[in-house]
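Student: query_9.csv is reproduced in full below (CSV, C-alpha atoms and all ligand atoms).
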chain,number,residue,atom,x,y,z
A,426,MET,CA,0.0,0.0,0.0
A,427,ALA,CA,1.2,3.5,-0.9
A,428,LYS,CA,1.4,5.8,2.1
A,429,ILE,CA,0.2,9.1,0.8
A,430,LYS,CA,-0.6,11.6,3.5
A,431,PRO,CA,-2.4,14.9,3.2
A,432,ALA,CA,-0.9,18.0,4.8
A,433,ALA,CA,-0.8,17.9,8.6
A,434,ARG,CA,-3.0,21.0,8.7
A,435,MET,CA,-5.9,19.0,7.2
A,436,ALA,CA,-6.2,17.2,10.5
A,437,GLU,CA,-7.7,20.5,11.8
A,438,LEU,CA,-10.7,20.1,9.6
A,439,PRO,CA,-13.7,18.1,10.8
A,440,PRO,CA,-15.9,16.7,8.0
A,441,TYR,CA,-18.2,19.4,6.7
A,442,LEU,CA,-21.3,19.1,8.9
A,443,PHE,CA,-23.9,18.9,6.1
A,444,LEU,CA,-22.1,16.1,4.3
A,445,GLU,CA,-22.6,14.0,7.5
A,446,LEU,CA,-26.2,15.0,7.8
A,447,ASP,CA,-26.9,14.3,4.1
A,448,ARG,CA,-25.3,10.8,4.5
A,449,LEU,CA,-27.5,9.9,7.5
A,450,ALA,CA,-30.6,11.2,5.7
A,451,GLU,CA,-29.7,9.3,2.6
A,452,ALA,CA,-29.2,6.1,4.6
A,453,ARG,CA,-32.8,6.4,5.9
A,454,ARG,CA,-34.2,7.2,2.4
A,455,LYS,CA,-32.6,4.0,1.2
A,456,LEU,CA,-34.6,2.2,3.9
A,457,GLY,CA,-37.7,3.6,2.1
A,458,ARG,CA,-38.4,6.4,4.6
A,459,ASP,CA,-39.8,9.7,3.5
A,460,VAL,CA,-37.2,12.1,5.0
A,461,ILE,CA,-38.0,15.8,5.4
A,462,ASN,CA,-34.7,17.7,5.3
A,463,LEU,CA,-34.8,20.9,7.3
A,464,GLY,CA,-31.0,20.8,7.7
A,465,VAL,CA,-29.1,22.8,5.1
A,466,GLY,CA,-30.0,26.4,4.4
A,467,ASP,CA,-30.5,26.1,0.7
A,468,PRO,CA,-33.6,27.8,-0.8
A,469,ASP,CA,-36.0,25.2,-2.3
A,470,LEU,CA,-37.6,27.5,-4.9
A,471,PRO,CA,-36.1,28.3,-8.3
A,472,THR,CA,-34.1,31.3,-9.4
A,473,PRO,CA,-36.6,33.9,-10.8
A,474,ASP,CA,-37.2,33.7,-14.5
A,475,TYR,CA,-35.9,37.1,-15.5
A,476,ILE,CA,-32.5,36.1,-14.1
A,477,VAL,CA,-32.5,32.7,-15.8
A,478,GLU,CA,-33.4,34.4,-19.1
A,479,ALA,CA,-30.5,36.9,-18.7
A,480,MET,CA,-28.2,34.0,-18.1
A,481,MET,CA,-29.4,32.2,-21.2
A,482,ARG,CA,-28.6,35.3,-23.3
A,483,ALA,CA,-25.3,35.8,-21.6
A,484,VAL,CA,-24.2,32.2,-22.0
A,485,LYS,CA,-24.6,32.4,-25.8
A,486,ARG,CA,-22.2,35.3,-26.1
A,487,PRO,CA,-18.8,34.0,-27.1
A,488,SER,CA,-16.9,36.9,-25.3
A,489,ASN,CA,-18.3,35.4,-22.1
A,490,HIS,CA,-16.6,32.1,-22.8
A,491,ARG,CA,-13.1,33.4,-22.1
A,492,TYR,CA,-11.4,33.9,-18.7
A,493,PRO,CA,-13.3,36.3,-16.5
A,494,ASN,CA,-11.8,39.5,-15.1
A,495,TYR,CA,-10.2,38.2,-11.8
A,496,LEU,CA,-11.8,41.0,-9.7
A,497,GLY,CA,-15.2,40.9,-11.2
A,498,SER,CA,-16.3,42.5,-14.5
A,499,GLU,CA,-16.5,46.3,-14.6
A,500,ALA,CA,-20.3,46.0,-15.2
A,501,PHE,CA,-20.7,43.7,-12.1
A,502,ARG,CA,-18.7,45.9,-9.8
A,503,ARG,CA,-20.5,49.1,-11.1
A,504,SER,CA,-23.8,47.4,-10.6
A,505,MET,CA,-22.9,46.3,-7.0
A,506,ALA,CA,-21.9,49.9,-6.2
A,507,GLN,CA,-25.2,51.2,-7.6
A,508,TRP,CA,-27.0,48.6,-5.6
A,509,TYR,CA,-25.3,49.6,-2.4
A,510,HIS,CA,-26.3,53.2,-3.1
A,511,ARG,CA,-29.9,52.4,-3.9
A,512,ARG,CA,-30.4,49.8,-1.2
A,513,PHE,CA,-28.4,51.2,1.7
A,514,GLY,CA,-27.6,54.8,0.7
A,515,VAL,CA,-23.9,53.9,0.8
A,516,GLU,CA,-21.3,55.2,-1.7
A,517,VAL,CA,-18.5,52.8,-2.8
A,518,ASP,CA,-15.9,53.1,-5.5
A,519,PRO,CA,-16.6,50.1,-7.9
A,520,GLN,CA,-12.9,50.0,-8.8
A,521,ARG,CA,-11.3,49.9,-5.3
A,522,GLU,CA,-14.1,49.0,-2.9
A,523,VAL,CA,-15.8,46.1,-4.7
A,524,VAL,CA,-14.5,42.7,-5.6
A,525,GLY,CA,-16.5,39.9,-7.2
A,526,LEU,CA,-16.6,36.5,-5.6
A,527,ILE,CA,-17.4,32.9,-6.5
A,528,GLY,CA,-19.9,32.9,-3.7
A,529,SER,CA,-19.4,34.5,-0.3
A,530,LYS,CA,-18.0,31.3,1.2
A,531,GLU,CA,-15.0,31.5,-1.2
A,532,GLY,CA,-14.4,35.2,-0.3
A,533,ILE,CA,-14.7,34.6,3.4
A,534,ALA,CA,-12.2,31.8,3.4
A,535,HIS,CA,-9.7,33.6,1.2
A,536,LEU,CA,-10.0,36.9,3.1
A,537,ILE,CA,-9.0,35.0,6.2
A,538,TRP,CA,-6.0,33.5,4.4
A,539,ALA,CA,-5.0,36.9,3.2
A,540,MET,CA,-5.3,38.6,6.6
A,541,ALA,CA,-4.3,36.1,9.3
A,542,GLY,CA,-1.6,33.6,10.0
A,543,PRO,CA,0.5,32.1,12.8
A,544,GLY,CA,0.7,34.6,15.7
A,545,ASP,CA,-2.4,36.4,14.6
A,546,LEU,CA,-5.8,36.3,16.3
A,547,VAL,CA,-9.2,36.1,14.8
A,548,LEU,CA,-12.4,37.0,16.7
A,549,VAL,CA,-15.3,34.7,15.8
A,550,PRO,CA,-18.8,34.4,17.2
A,551,ASP,CA,-20.0,31.2,18.7
A,552,PRO,CA,-22.3,29.8,17.5
A,553,ALA,CA,-21.5,30.8,13.9
A,554,TYR,CA,-21.3,29.8,10.3
A,555,PRO,CA,-18.4,27.3,10.6
A,556,VAL,CA,-16.3,28.7,7.8
A,557,TYR,CA,-14.9,31.6,9.9
A,558,ALA,CA,-13.3,29.5,12.6
A,559,THR,CA,-12.3,26.5,10.5
A,560,GLN,CA,-10.5,28.7,7.9
A,561,ALA,CA,-8.8,30.8,10.6
A,562,ALA,CA,-7.5,27.6,12.3
A,563,LEU,CA,-6.4,26.2,8.9
A,564,ALA,CA,-4.5,29.4,8.2
A,565,GLY,CA,-2.6,28.9,11.5
A,566,ALA,CA,-4.2,31.8,13.3
A,567,GLU,CA,-5.5,31.7,16.9
A,568,VAL,CA,-9.3,31.7,17.1
A,569,VAL,CA,-10.9,33.5,20.0
A,570,THR,CA,-14.6,32.9,20.2
A,571,LEU,CA,-17.3,35.4,21.3
A,572,ALA,CA,-20.3,33.8,23.0
A,573,LEU,CA,-23.7,34.7,21.5
A,574,ASP,CA,-25.9,34.6,24.5
A,575,PRO,CA,-29.7,34.5,24.1
A,576,ALA,CA,-30.0,36.9,27.1
A,577,ARG,CA,-28.1,39.5,25.0
A,578,GLY,CA,-30.1,38.9,21.9
A,579,PHE,CA,-27.3,36.8,20.5
A,580,LEU,CA,-25.0,39.8,20.2
A,581,PRO,CA,-21.4,39.3,21.5
A,582,ASP,CA,-20.3,41.4,24.4
A,583,LEU,CA,-17.6,43.4,22.8
A,584,GLY,CA,-16.8,45.1,26.1
A,585,SER,CA,-15.7,41.8,27.6
A,586,ILE,CA,-12.8,41.4,25.2
A,587,ASP,CA,-9.6,42.3,27.0
A,588,GLU,CA,-7.1,44.9,25.7
A,589,GLN,CA,-4.4,42.3,24.9
A,590,THR,CA,-6.8,40.3,22.7
A,591,TRP,CA,-8.0,43.4,20.9
A,592,ARG,CA,-4.4,44.4,20.2
A,593,ARG,CA,-3.5,41.0,18.7
A,594,ALA,CA,-6.8,40.7,16.7
A,595,LYS,CA,-6.6,41.0,12.9
A,596,MET,CA,-10.3,40.5,12.2
A,597,LEU,CA,-13.7,40.5,13.9
A,598,TRP,CA,-16.4,38.4,12.2
A,599,LEU,CA,-20.1,39.4,12.6
A,600,ASN,CA,-23.1,38.1,10.7
A,601,TYR,CA,-26.5,39.8,11.1
A,602,PRO,CA,-29.2,38.8,10.3
A,603,ASN,CA,-27.6,35.8,11.9
A,604,ASN,CA,-27.1,32.2,10.9
A,605,PRO,CA,-27.9,30.0,12.9
A,606,THR,CA,-29.8,32.1,15.6
A,607,GLY,CA,-32.0,34.3,13.3
A,608,ALA,CA,-31.0,37.3,15.5
A,609,ILE,CA,-30.7,40.8,14.1
A,610,ALA,CA,-28.3,43.5,15.2
A,611,PRO,CA,-29.4,47.1,16.0
A,612,LYS,CA,-27.4,49.8,14.3
A,613,GLU,CA,-26.0,50.9,17.6
A,614,PHE,CA,-24.4,47.5,18.0
A,615,LEU,CA,-22.8,47.7,14.6
A,616,ALA,CA,-21.6,51.3,15.5
A,617,GLU,CA,-20.0,50.0,18.6
A,618,ALA,CA,-18.2,47.3,16.6
A,619,VAL,CA,-17.0,49.9,14.1
A,620,ASP,CA,-15.8,52.2,16.9
A,621,ARG,CA,-13.8,49.4,18.6
A,622,CYS,CA,-12.3,48.1,15.3
A,623,ARG,CA,-11.2,51.6,14.4
A,624,TYR,CA,-9.6,52.1,17.7
A,625,TYR,CA,-7.7,48.8,17.6
A,626,ASP,CA,-7.1,48.7,13.8
A,627,VAL,CA,-9.1,45.5,13.4
A,628,LEU,CA,-10.7,44.6,10.2
A,629,LEU,CA,-14.5,44.3,10.8
A,630,CYS,CA,-15.9,41.6,8.5
A,631,HIS,CA,-19.6,41.6,8.2
A,632,ASP,CA,-21.3,38.7,6.5
A,633,ASN,CA,-24.7,40.1,5.3
A,634,ALA,CA,-25.9,37.0,3.5
A,635,TYR,CA,-29.5,37.5,4.9
A,636,ALA,CA,-29.8,41.2,4.4
A,637,GLU,CA,-32.9,40.8,2.2
A,638,MET,CA,-34.6,38.0,4.1
A,639,THR,CA,-36.6,39.9,6.7
A,640,TYR,CA,-40.2,40.0,8.1
A,641,ASP,CA,-42.8,42.1,9.8
A,642,GLY,CA,-41.5,45.4,8.3
A,643,TYR,CA,-37.9,44.9,9.5
A,644,ARG,CA,-35.2,46.1,7.1
A,645,ALA,CA,-31.7,44.9,7.7
A,646,PRO,CA,-28.8,47.5,7.6
A,647,SER,CA,-25.4,47.4,6.0
A,648,VAL,CA,-22.5,47.9,8.4
A,649,LEU,CA,-21.2,50.4,5.8
A,650,GLN,CA,-24.1,52.7,6.8
A,651,ILE,CA,-22.2,53.5,10.0
A,652,PRO,CA,-20.2,56.7,9.6
A,653,GLY,CA,-16.5,55.9,9.2
A,654,ALA,CA,-17.1,52.2,8.7
A,655,LYS,CA,-15.6,52.0,5.2
A,656,GLU,CA,-12.1,52.5,6.7
A,657,VAL,CA,-12.3,49.3,8.7
A,658,ALA,CA,-15.2,47.3,7.5
A,659,VAL,CA,-15.8,44.9,4.7
A,660,GLU,CA,-19.2,43.4,4.0
A,661,PHE,CA,-20.0,40.2,2.1
A,662,TYR,CA,-23.2,40.4,0.0
A,663,SER,CA,-24.3,37.2,-1.6
A,664,PHE,CA,-26.9,36.5,-4.3
A,665,SER,CA,-27.4,33.0,-3.0
A,666,LYS,CA,-30.2,33.4,-0.5
A,667,PRO,CA,-32.2,36.4,-1.7
A,668,PHE,CA,-32.4,35.3,-5.3
A,669,ASN,CA,-32.4,31.5,-4.8
A,670,MET,CA,-29.1,31.3,-6.5
A,671,THR,CA,-27.0,29.1,-4.3
A,672,GLY,CA,-25.9,26.9,-7.2
A,673,TRP,CA,-24.7,29.8,-9.3
A,674,ARG,CA,-21.8,30.9,-7.0
A,675,ILE,CA,-21.9,34.7,-7.1
A,676,ALA,CA,-21.3,37.3,-4.4
A,677,ALA,CA,-19.2,40.4,-3.7
A,678,ALA,CA,-17.1,41.9,-0.9
A,679,VAL,CA,-17.7,45.6,-0.5
A,680,GLY,CA,-16.0,48.2,1.6
A,681,ALA,CA,-12.5,48.6,3.2
A,682,ARG,CA,-9.9,49.1,0.4
A,683,VAL,CA,-7.3,47.1,2.3
A,684,ALA,CA,-9.5,44.1,2.4
A,685,VAL,CA,-10.7,44.4,-1.2
A,686,GLU,CA,-7.2,44.8,-2.5
A,687,VAL,CA,-5.6,42.0,-0.6
A,688,LEU,CA,-8.4,39.6,-1.4
A,689,GLY,CA,-8.2,40.6,-5.1
A,690,LEU,CA,-4.4,39.9,-5.0
A,691,LEU,CA,-4.8,36.5,-3.5
A,692,LYS,CA,-7.7,35.6,-5.8
A,693,SER,CA,-5.7,36.7,-8.9
A,694,HIS,CA,-3.1,34.1,-7.9
A,695,LEU,CA,-5.6,31.4,-7.2
A,696,ASP,CA,-8.8,31.4,-9.1
A,697,SER,CA,-9.9,33.2,-12.2
A,698,GLY,CA,-13.2,34.8,-11.1
A,699,ALA,CA,-16.8,33.9,-11.5
A,700,PHE,CA,-18.1,32.9,-14.9
A,701,THR,CA,-18.8,36.2,-16.7
A,702,ALA,CA,-22.2,35.0,-17.8
A,703,VAL,CA,-23.2,34.5,-14.2
A,704,GLN,CA,-21.9,38.0,-13.4
A,705,GLU,CA,-24.1,39.3,-16.2
A,706,ALA,CA,-27.1,37.5,-14.8
A,707,ALA,CA,-26.3,39.0,-11.4
A,708,VAL,CA,-26.3,42.4,-12.9
A,709,ALA,CA,-29.7,41.7,-14.4
A,710,ALA,CA,-30.9,40.5,-11.0
A,711,LEU,CA,-30.1,43.9,-9.4
A,712,GLN,CA,-30.7,46.3,-12.2
A,713,GLN,CA,-34.1,45.6,-13.6
A,714,GLU,CA,-35.8,48.3,-11.7
A,715,GLY,CA,-38.3,47.0,-9.2
A,716,LYS,CA,-37.8,43.3,-10.0
A,717,SER,CA,-35.4,42.6,-7.1
A,718,GLU,CA,-37.7,44.2,-4.6
A,719,GLN,CA,-40.6,42.1,-6.0
A,720,VAL,CA,-38.5,39.0,-5.6
A,721,PHE,CA,-37.7,39.8,-2.0
A,722,ALA,CA,-41.3,40.6,-1.2
A,723,ARG,CA,-42.6,37.4,-2.7
A,724,MET,CA,-39.9,35.2,-1.0
A,725,ASN,CA,-40.4,36.9,2.4
A,726,ALA,CA,-44.1,36.3,2.2
A,727,ILE,CA,-43.5,32.6,1.6
A,728,TYR,CA,-40.8,32.2,4.3
A,729,GLY,CA,-42.9,34.4,6.7
A,730,ALA,CA,-45.9,32.1,6.4
A,731,ARG,CA,-43.7,29.0,6.8
A,732,ARG,CA,-42.1,30.6,9.9
A,733,ASP,CA,-45.5,31.2,11.5
A,734,LEU,CA,-46.7,27.8,10.7
A,735,VAL,CA,-43.7,26.1,12.3
A,736,VAL,CA,-43.3,28.4,15.2
A,737,ASP,CA,-47.0,28.1,16.2
A,738,GLY,CA,-46.9,24.4,15.6
A,739,LEU,CA,-43.8,23.7,17.7
A,740,LYS,CA,-44.9,26.1,20.5
A,741,ALA,CA,-48.0,24.0,20.9
A,742,THR,CA,-45.8,21.0,21.6
A,743,GLY,CA,-44.1,22.8,24.4
A,744,LEU,CA,-40.9,23.7,22.7
A,745,ASP,CA,-39.5,27.1,23.6
A,746,ILE,CA,-39.2,28.7,20.2
A,747,SER,CA,-39.3,32.4,19.3
A,748,ARG,CA,-40.3,34.1,16.0
A,749,PRO,CA,-37.3,35.6,14.2
A,750,LEU,CA,-37.5,38.9,12.3
A,751,ALA,CA,-35.0,37.6,9.7
A,752,THR,CA,-33.4,34.6,8.0
A,753,PHE,CA,-35.1,31.3,7.2
A,754,TYR,CA,-33.8,29.7,10.4
A,755,LEU,CA,-35.5,28.8,13.7
A,756,TRP,CA,-33.1,28.3,16.6
A,757,PHE,CA,-34.5,26.7,19.7
A,758,PRO,CA,-33.4,24.6,22.7
A,759,ALA,CA,-33.5,20.9,22.2
A,760,PRO,CA,-36.0,18.9,24.4
A,761,GLU,CA,-34.9,18.9,28.0
A,762,GLY,CA,-32.1,16.5,28.9
A,763,MET,CA,-30.9,16.0,25.3
A,764,THR,CA,-27.6,17.2,23.7
A,765,SER,CA,-28.1,18.8,20.3
A,766,ALA,CA,-26.6,15.7,18.6
A,767,ALA,CA,-28.8,13.3,20.5
A,768,ALA,CA,-31.9,15.4,19.7
A,769,SER,CA,-30.9,15.6,16.0
A,770,LYS,CA,-30.5,11.9,15.9
A,771,PHE,CA,-33.7,11.4,17.8
A,772,PHE,CA,-35.8,13.5,15.4
A,773,LEU,CA,-34.2,11.8,12.4
A,774,GLU,CA,-34.9,8.3,13.7
A,775,SER,CA,-38.3,9.0,15.2
A,776,ALA,CA,-39.7,11.7,13.0
A,777,ASP,CA,-37.7,11.2,9.8
A,778,THR,CA,-36.9,14.9,9.9
A,779,VAL,CA,-33.4,16.4,9.6
A,780,LEU,CA,-32.7,19.2,12.1
A,781,THR,CA,-29.2,20.6,12.5
A,782,PRO,CA,-27.6,20.1,15.9
A,783,GLY,CA,-26.6,23.5,17.3
A,784,ARG,CA,-23.2,22.1,18.4
A,785,ALA,CA,-22.1,22.1,14.8
A,786,TYR,CA,-21.9,25.9,15.0
A,787,GLY,CA,-19.7,25.9,18.0
A,788,PRO,CA,-19.6,24.9,21.7
A,789,HIS,CA,-22.2,27.6,22.6
A,790,GLY,CA,-24.6,25.9,20.1
A,791,GLU,CA,-24.7,22.9,22.4
A,792,GLY,CA,-28.3,22.2,23.6
A,793,TRP,CA,-29.8,23.9,20.6
A,794,LEU,CA,-31.4,22.9,17.3
A,795,ARG,CA,-31.8,24.7,14.0
A,796,ILE,CA,-34.6,24.4,11.5
A,797,ALA,CA,-34.2,25.7,7.9
A,798,LEU,CA,-37.6,26.7,6.4
A,799,THR,CA,-36.7,25.3,3.0
A,800,GLU,CA,-39.6,23.0,2.4
A,801,SER,CA,-43.2,23.7,1.3
A,802,GLU,CA,-45.9,24.6,3.9
A,803,GLU,CA,-47.4,21.1,3.4
A,804,ARG,CA,-44.1,19.4,4.1
A,805,LEU,CA,-43.4,21.7,7.1
A,806,GLN,CA,-46.8,20.9,8.4
A,807,SER,CA,-46.0,17.1,8.3
A,808,ALA,CA,-42.7,17.8,9.9
A,809,VAL,CA,-44.4,19.7,12.8
A,810,GLU,CA,-46.8,16.8,13.2
A,811,ARG,CA,-44.1,14.2,13.2
A,812,ILE,CA,-42.0,16.2,15.7
A,813,ALA,CA,-45.0,16.6,18.0
A,814,ALA,CA,-45.7,12.9,17.8
A,815,ALA,CA,-42.0,12.0,18.5
A,816,ILE,CA,-42.0,14.3,21.5
A,817,GLN,CA,-45.2,12.6,22.8
A,818,THR,CA,-43.6,9.1,22.6
A,819,ARG,CA,-40.3,10.1,24.0
A,820,PRO,CA,-39.4,8.5,27.3
A,821,ARG,CA,-39.3,11.2,30.0
A,822,VAL,CA,-36.0,11.8,31.7
A,823,GLY,CA,-35.2,12.7,35.3
B,901,LIG,C1,-25.4,30.6,3.1
B,901,LIG,C2,-24.4,31.5,3.8
B,901,LIG,C3,-23.2,31.9,3.2
B,901,LIG,C4,-22.8,31.4,1.8
B,901,LIG,O1,-23.1,32.2,0.8
B,901,LIG,P1,-22.5,31.8,-0.6
B,901,LIG,O2,-22.5,33.1,-1.3
B,901,LIG,O3,-23.5,30.8,-1.2
B,901,LIG,O4,-21.2,31.2,-0.5
B,901,LIG,C5,-22.4,32.8,3.8
B,901,LIG,N1,-22.6,33.1,5.1
B,901,LIG,C6,-23.6,32.7,5.8
B,901,LIG,C7,-23.8,33.1,7.2
B,901,LIG,C8,-24.5,31.8,5.2
B,901,LIG,O5,-25.6,31.3,5.9
Show me, as structure tokens, the structure contained in the file I just sent.
Ligand SMILES: *Cc1c(COP(=O)(O)O)cnc(C)c1O

Tutor:
Amino acid sequence: MAKIKPAARMAELPPYLFLELDRLAEARRKLGRDVINLGVGDPDLPTPDYIVEAMMRAVKRPSNHRYPNYLGSEAFRRSMAQWYHRRFGVEVDPQREVVGLIGSKEGIAHLIWAMAGPGDLVLVPDPAYPVYATQAALAGAEVVTLALDPARGFLPDLGSIDEQTWRRAKMLWLNYPNNPTGAIAPKEFLAEAVDRCRYYDVLLCHDNAYAEMTYDGYRAPSVLQIPGAKEVAVEFYSFSKPFNMTGWRIAAAVGARVAVEVLGLLKSHLDSGAFTAVQEAAVAALQQEGKSEQVFARMNAIYGARRDLVVDGLKATGLDISRPLATFYLWFPAPEGMTSAAASKFFLESADTVLTPGRAYGPHGEGWLRIALTESEERLQSAVERIAAAIQTRPRVG
């Protein structure tokens, strides 16, 4: 047998959570079970027609078949700048303050590599989208986690970070509206983060993947709306969730020049940008006046109704679940006496429903579960009934 070994650093990486969950769900499907997957946050509805049609025109154009511009096409970057102005009232220079990405995940991972290494420190919320901490660790940086406490509205206590830690920190990651908790951040909190990052020369990285997925009249801000933010803050804006475009891989990083520049430099050595036809479709997504707003309104009406159905249904079973103002996630404590992994396994086996164990988002996710509202109301109704029945039959502990 050949003894080929991957790099030692790969031992840092656990298997990607959703791969594991998919495997378990698939095993049950093979047994003939009808599994309802509320695990991965991947919109179930199709990309709107006007975007697909723009893509079909773009894909036929031979000039789009060549290597893309590494940093994003001029048209794409200009369109992002115009969007930030129209949506958030924020001015950015499309040349120096916008870089196109092959999805936010790509940009998040590579910005960490471009900013932090051995001896550096990265501030990461817990629970959080796993990419921030895993990439920082892989890059050899020290990860300091900031607990998101329900009593604080799942906002980290920035005042509790000591002076030494601030001084060694290279980046602070924030994500509001938040995955996995569904929490939102008031502008005052973002302003506090900008202030502290300016004082300590820390790059504030705001993942705004759920900016458009909001309910009950709530509108999510951009961190770049905070005066002075552009000096220290970079925001990730993804087309994946708002336009049902997860498979297309298109997003942008917008803001602090230092971040845009170093990310562009790394990417120019490493990938060759997003397919230009996809960028062209993204431009169409934003630019056809009124269309994007209609898409958001339609999607939020759908997710809002799903949210109410599941929240009301699960509350009735005695689960302690609150109604988020944003994201398509519900975050709630596992039934008493169960770890999040045990609860996830329990609901898969006794309700054929995939719920994500909160522990997968960090130690502070222990004891919690996440539901993604990415199935039809009919399927969600069945899931609620199955979960209710499973809870009924569960042997009581203690
Ligand atoms: C879904 C998600 C992303 C990934 O976005 P892509 O643009 O599809 O890579 C990034 N951050 C968070 C918090 C997400 O939930």

Student: Using all atoms listed in the file, which of A:Phe614, A:Tyr554, A:Phe579, A:Tyr754 sits nearest ligand LIG 901 (chain B)?

Tutor: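 When distances to ligand LIG 901 (chain B) are compared using all atoms listed in the file, the smallest one comes from A:Tyr554.
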
Student: Of the candidates A:Asp474, A:Glu810, A:Asp587, A:Glu637, which shows the shortest atom-to-atom distance to Ala710 of chain A, using only C-alpha atoms?

Tutor: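 That would be A:Asp474, the residue with the smallest distance to Ala710 of chain A.
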
Student: What does the distance from atom CA of Leu583 of chain A to atom CA of Arg795 of chain A come to in Å, to one decimal?

Tutor: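 Interatomic distance here is 25.1 Å.
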
Student: Output the neighbourhood of ligand LIG 901 (chain B) as a PyMOL selection string, that is, all protein and nucleic acid residues with some atom at most 8 Å from the ligand, counting all atoms listed in the file.

Tutor: chain A and resi 466-467+527-533+553-554+600+603-605+632-635+661-666+670-672+674-676

Student: Quick one: pull the distance between atom CA of Lys692 of chain A and atom CA of Tyr601 of chain A, Å, one decimal.

Tutor: 25.6 Å

Student: If you measure from atom CA of Tyr509 of chain A to atom CA of Gly729 of chain A, what distance in Å do you get, rounded to one decimal?

Tutor: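 Between atom CA of Tyr509 of chain A and atom CA of Gly729 of chain A the gap works out to 25.0 Å.
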
Student: So, counting all atoms listed in the file, which residue among A:Arg644, A:Lys428, A:Arg593, A:Arg784 is closest to Ala541 of chain A?

Tutor: A:Arg593

Student: In the coordinates of the file, take the point (-21.8, 32.9, 22.0) and a cut-off of 6 Å; then, counting all atoms listed in the file, name each qualifying protein, DNA or RNA residue as a PyMOL selection string.

Tutor: chain A and resi 550-552+571-574+789

Student: Can you work out which one of A:Lys595, A:Arg621, A:Lys430, A:His631 has the shortest atom-to-atom distance to Val568 of chain A, counting all atoms listed in the file?

Tutor: A:Lys595

Student: Select, from A:Ala610, A:Ala768, A:Leu711, A:Val809, the residue with the minimum atom-to-atom distance to Leu750 of chain A, counting only C-alpha atoms.

Tutor: A:Ala610

Student: Given only C-alpha atoms as the basis, pick out the residue of A:Ala479, A:Leu438, A:Leu649, A:Ala677 nearest to Ser504 of chain A.

Tutor: A:Ala677

Student: Env of segment 679-686 of chain A: 6 Å cut, atoms = only C-alpha atoms, seq-sep filter 3 positions within chain, self excluded. Answer as number ranges by chain.

Tutor: A: 521-523, 655-660, 689

Student: Which protein, DNA or RNA residues are at most 12 Å from (-8.5, 45.0, 23.8) in the file's coordinates when you count only C-alpha atoms, listed as a ChimeraX atom specification?

Tutor: /A:546,548,583-595,621-627

Student: Can you pull out every residue within 6 Å of Val524 of chain A, counting all atoms listed in the file, but drop anything in the same chain fewer than 5 positions away, and send it as a list in words?

Tutor: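 So the residues in contact are Leu496, Gly497, Ala677 and Ala678 of chain A.
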
Student: Using the selection just defined, write its residues with C-alpha atoms as an mmCIF file, in the coordinates of the input.

Tutor:
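Final output, result_11.cif:
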data_model
loop_
_atom_site.group_PDB
_atom_site.id
_atom_site.type_symbol
_atom_site.label_atom_id
_atom_site.label_comp_id
_atom_site.auth_asym_id
_atom_site.auth_seq_id
_atom_site.Cartn_x
_atom_site.Cartn_y
_atom_site.Cartn_z
ATOM 1 C CA LEU A 496 -11.800 41.000 -9.700
ATOM 2 C CA GLY A 497 -15.200 40.900 -11.200
ATOM 3 C CA ALA A 677 -19.200 40.400 -3.700
ATOM 4 C CA ALA A 678 -17.100 41.900 -0.900
#
